[in-house]
Each structure stands twice: as C-alpha cells, then as structure tokens.
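J.: Sending over a structure as structure tokens; questions will come in a sec.
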Amino acid sequence: MSRSNQRSVRRRALLTAELYRQARAHLPAEGPIIAPARHEDQEVLEAELLSRLLDLSKSWPGGHPSLPLGIARCTPLPGSIDVRVESRQQAIHLLQRLLPHQEIGGDGSPDIAGIAGLRVGGIRGDALVLSALDREACVTLSGLPGREWQRLTDLVDRAHRDKAGGRTPLWRLPVGSHPAEPGSAMDSRRGRRSAWLGSWLLRRPGLFQNLTAPHLLEGYGRPGVWTLELCHLPSSPLRAEPLVRLLRHPEVGIPYKLRVRHCSRVMNDGSQQRSTGRGEGWARGDDRSGQVIIDIGDPGETVLDLRFHRDPATFLRPAVRNAAVERIDRADLRYGRLADPLAAEVP
C-alpha cells in the first residue's frame with residue numbers, strides 16, 4: 001500500500017472511528033475518503049437518526065453513555081450506513097425513539113412518534129436493517145448479535161402494546177396500510193435542503209471522539225439548524241479552533257465555503273466577548289466557554305451552531321466519566337499524529 005493510500009485510510013479511520021482494517025476495506029477507490037449519501041432520501045433518513053440521537057442525548061435513561069451519542073463507530077457507504085451502538089442499553093433506548101408507533105394524544109386524537117415510514121427489514125448477519133417506505137434509504141444498526149436485535153424489537157413491540165391507552169406499532173406494517181403516518185419535519189423543503197449536514201456529521205463520529213473529544217455531547221437538530229453542545233471537564237482543553245479548521249479542510253471538510261457569522265466566548269468573570277466576520281481569536285484558552293455559529297451555503301439556509309461548555313464532573317456517573325477520560329487520553333495520542341496536522345493544513 002502506498003504512503004498516500006495509508007494516509008487516506010488513517011484519515012478515514014480517524015473520522016469514522018472504524019478500525020484500521022475496516023477503514024481500508026471500505027475506502028472508496030476514487031473520490032472522497034468518506035462517500036456522501038448517494039440519494040437525498042438517504043440523507044434525510046440519516047439526518048432523522050442524528051436528530052433522534054441528539055434528542056436522546058439530553059436524557060439517556062439510566063445515565064449518559066461513555067461514547068458521544070452512544071455510537072462506537074460508523075461505516076458509511078453511498079447507499080447505506082452502518083451505525084455500531086455502544087451497548088445493549090443504548091440500543092433499546094434508541095429503538096424506542098426510532099421505531100414509529102401511534103399513540104393517543106391528550107386531546108384524544110392519534111399521534112405518531114418515531115421516524116415516520118421507518119420499517120424493520122430483518123436481520124442481516126449481526127445487524128438490524130431499517131429502511132424507509134417508498135424511498136432509497138437504508139440504515140443498519142450493529143454491535144449486538146442478530147438474535148439480540150430480534151429480542152429487542154420484540155421487546156419494544158410488547159412494551160408499546162402494553163402501554164395504558166394502547167399504542168400501535170407501525171414498523172411491521174406494509175406500505176400504505178396506515179394513512180395516519182405523516183411525513184417528518186425533515187421532509188419539509190428546508191429540512192430536506194439541510195439534511196445533508198446531519199448525514200455528513202453522522203458519518204463522522206470520530207470528530208467528537210478523536211478531535212474535539214468532549215466528555216459529553218448534546219444538542220438538537222431541526223430543519224435548517226444543527227446545534228451541538230460539547231461539554232468538557234475542567235481538565236480537558238476546549239478544541240473549537242481545530243474543529244472549525246478541520247471543517248474547512250479542502251479534502252475532508254464540509255464541501256461548502258464556511259462563513260462564521262459570529263462567535264462569542266464567556267470569560268471567568270462572566271463577561272462575554274463577541275467578534276464578527278471570520279471569528280479570529282475565539283475559544284483559545286482552557287478557562288473559557290464559547291459559541292461558534294456557521295452559515296453554510298446561502299445565508300440562513302443551513303446553520304451549524306457549535307457550543308463549547310465546561311461542566312462539573314458531578315454531571316456524569318463515575319463509570320461514564322472514567323470511561324470518557326480514558327477515551328480522551330487515547331485520543332490525545334492521535335492529536336499530534338494526525339488530527340492537529342490535518343487542521344493545520346488549512347491556512
């Protein structure tokens with residue numbers, strides 16, 4: 001393998017969190033080292049998945065996972081993506097948020113929760129296949145044995161049917177059998193035009209494991225706006241500047257010109273400093289928190305809102321905090337080898 005090809009494999013592994021051999025096996029023969037979704041429908045489904053993960057990140061039942069969003073790694077392909085979950089606990093909570101079901105609202109009218117049109121397509125090896133009705137979109141969830149995925153879907157099915165008031169699981173129904181199942185927010189015009197960014201971020205979990213390495217990642221996604229809150233312990237440096245520089249990288253960064261609309265940072269005394277334009281001089285110190293808002297494409301069309309915070313250790317269970325510290329210590333080895341040189345390539 002040539003030196004340039006080895007560098008491409010390392011870059012892919014850094015961004016996807018894949019093992020080196022997996023990154024080498026899935027490295028595209030040509031084009032970007034991480035292939036974008038081939039179809040807009042695939043982007044929308046991946047954006048929906050990221051939105052649910054971000055929503056779940058605010059209140060993981062049983063406590064936060066040790067990995068950002070509970071994702072161990074992703075294997076992105078043009079027509080699909082495989083998301084490897086951290087544990088069985090994260091898998092069951094994720095399925096409860098993803099699989100669509102009808103429930104009766106407070107006013108007595110039916111309401112649909114989960115990703116509309118999502119269906120379980122069976123087990124492929126040790127992965128659960130999820131596809132969208134009448135669309136060219138597919139996601140697989142891995143990290144557990146195939147029989148365990150079958151148990152979990154049956155468990156979610158029974159849990160919904162046993163709920164007081166009754167919930168109707170929809171993910172086993174055939175096409176067109178439930179007219180009450182509407183489209184999602186990402187199906188709006190603005191949602192579909194900004195779904196590519198949710199897909200782009202989901203395909204690069206290593207951005208938050210290896211480059212910025214927050215102890216906790218929260219946020220939310222809605223049509224046109226993606227907000228990511230990166231929370232660090234006092235002992236871990238904020239890495240806003242390397243992240244934004246990598247987003248601007250000509251080879252592995254976002255395929256649009258980025259415009260930093262405004263930045264701010266909160267000082268120790270509580271005062272706030274703001275800058276406009278290109279955002280020079282923000283979030284450099286270890287004792288600061290800050291916010292970076294980036295317009296992508298036409299002004300106001302797609303916004304990436306990055307917020308960097310310092311949270312006390314009491315927010316995390318000791319086991320989660322220790323696992324996060326260990327992960328960040330390992331990631332620090334990569335900073336000097338690849339991540340920082342990558343960010344430094346952008347003038």
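Please note that chains go A, B, ... in the order of the structure tokens, that every chain numbers its residues from 1, and that ligands are numbered from 1 in the order shown.
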I want to know what sits within 8 Å of stretch 82-97 of chain A, based on only C-alpha atoms, with residues of the same chain fewer than 4 positions away left out; could you give that as a short mmCIF file (atom, residue, chain, number, x, y, z; two decimals) with N, CA and C atoms, in the first residue's frame?

T.:
data_model
loop_
_atom_site.label_atom_id
_atom_site.label_comp_id
_atom_site.auth_asym_id
_atom_site.auth_seq_id
_atom_site.Cartn_x
_atom_site.Cartn_y
_atom_site.Cartn_z
N ARG A 52 -32.64 12.19 16.34
CA ARG A 52 -33.13 11.39 17.47
C ARG A 52 -32.02 11.12 18.47
N LEU A 53 -30.81 10.88 17.99
CA LEU A 53 -29.68 10.66 18.89
C LEU A 53 -29.39 11.92 19.72
N LEU A 56 -32.07 12.27 22.29
CA LEU A 56 -31.87 11.28 23.35
C LEU A 56 -30.70 11.65 24.25
N TRP A 60 -30.55 10.43 28.55
CA TRP A 60 -30.39 8.99 28.42
C TRP A 60 -30.96 8.31 29.67
N PRO A 61 -31.95 7.43 29.54
CA PRO A 61 -32.42 6.69 30.73
C PRO A 61 -31.29 5.87 31.32
N PRO A 65 -24.09 7.64 28.08
CA PRO A 65 -23.12 6.64 27.63
C PRO A 65 -21.71 7.20 27.72
N LEU A 67 -19.47 6.96 25.28
CA LEU A 67 -19.11 7.49 23.96
C LEU A 67 -20.13 8.53 23.54
N GLY A 70 -23.59 7.58 22.20
CA GLY A 70 -23.72 6.14 22.30
C GLY A 70 -23.30 5.39 21.05
N ILE A 71 -22.53 6.05 20.15
CA ILE A 71 -22.08 5.44 18.90
C ILE A 71 -20.61 5.04 19.03
N ALA A 72 -20.31 3.78 18.75
CA ALA A 72 -18.93 3.34 18.77
C ALA A 72 -18.22 3.71 17.47
N ARG A 73 -18.88 3.51 16.35
CA ARG A 73 -18.31 3.88 15.05
C ARG A 73 -19.39 3.79 13.99
N CYS A 74 -19.10 4.36 12.82
CA CYS A 74 -19.98 4.26 11.66
C CYS A 74 -19.20 3.74 10.47
N THR A 75 -19.89 3.00 9.61
CA THR A 75 -19.32 2.61 8.32
C THR A 75 -20.22 3.17 7.24
N PRO A 76 -19.88 4.34 6.69
CA PRO A 76 -20.73 4.97 5.68
C PRO A 76 -20.43 4.45 4.28
N ALA A 113 -45.29 8.85 16.86
CA ALA A 113 -43.96 9.08 17.41
C ALA A 113 -42.97 8.18 16.68
N GLY A 114 -41.68 8.55 16.73
CA GLY A 114 -40.67 7.80 15.98
C GLY A 114 -40.48 8.39 14.59
N ILE A 115 -39.71 7.72 13.76
CA ILE A 115 -39.45 8.18 12.39
C ILE A 115 -40.52 7.63 11.48
N VAL A 139 -30.56 2.06 6.78
CA VAL A 139 -29.63 2.16 7.90
C VAL A 139 -29.55 0.80 8.57
N THR A 140 -28.36 0.37 8.93
CA THR A 140 -28.24 -0.84 9.74
C THR A 140 -27.64 -0.47 11.09
N LEU A 141 -28.12 -1.14 12.12
CA LEU A 141 -27.60 -0.99 13.47
C LEU A 141 -26.86 -2.26 13.84
N SER A 142 -25.63 -2.13 14.31
CA SER A 142 -24.82 -3.29 14.67
C SER A 142 -24.25 -3.11 16.07
N GLY A 143 -23.46 -4.08 16.50
CA GLY A 143 -22.87 -4.02 17.83
C GLY A 143 -23.42 -5.07 18.77
N LEU A 144 -24.48 -5.78 18.34
CA LEU A 144 -25.08 -6.84 19.12
C LEU A 144 -25.28 -8.06 18.21
N LEU A 152 -34.81 -7.43 21.04
CA LEU A 152 -35.07 -6.03 21.38
C LEU A 152 -36.26 -5.48 20.60
N THR A 153 -36.37 -5.81 19.31
CA THR A 153 -37.53 -5.33 18.55
C THR A 153 -38.82 -5.94 19.10
N VAL A 156 -39.63 -4.02 22.33
CA VAL A 156 -40.22 -2.71 22.07
C VAL A 156 -41.66 -2.87 21.60
#

J.: May I have the residues within 9 Å of stretch 23-38 of chain A as JSON, numbers by chain, using only C-alpha atoms and disregarding those fewer than 3 positions away in the same chain?

T.: {"A": [5, 6, 8, 9, 10, 11, 12, 13, 15, 16, 17, 18, 19, 20, 41, 42, 43, 46, 75, 76, 77, 78, 79, 80, 81, 196, 199, 200, 203, 204, 251, 252]}

J.: When distances are computed from only C-alpha atoms, which of A:Ser131, A:Glu40, A:Gly290, A:Asp305 shows the smallest separation from A:Glu241?

T.: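 Nearest to A:Glu241: A:Gly290.
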
J.: One decimal, Å: what's the distance from atom CA of A:Pro237 over to atom CA of A:Asp311, could you say?

T.: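 Interatomic distance, atom CA of A:Pro237 to atom CA of A:Asp311: 12.3 Å.
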
J.: List the neighbours of A:Leu258 out to 10 Å using only C-alpha atoms; skip same-chain residues closer than 2 positions along the sequence, and give me the result as an MDAnalysis selection string.

T.: chainID A and resid 244 247:248 253:256 260:261 278 294:297 303:304
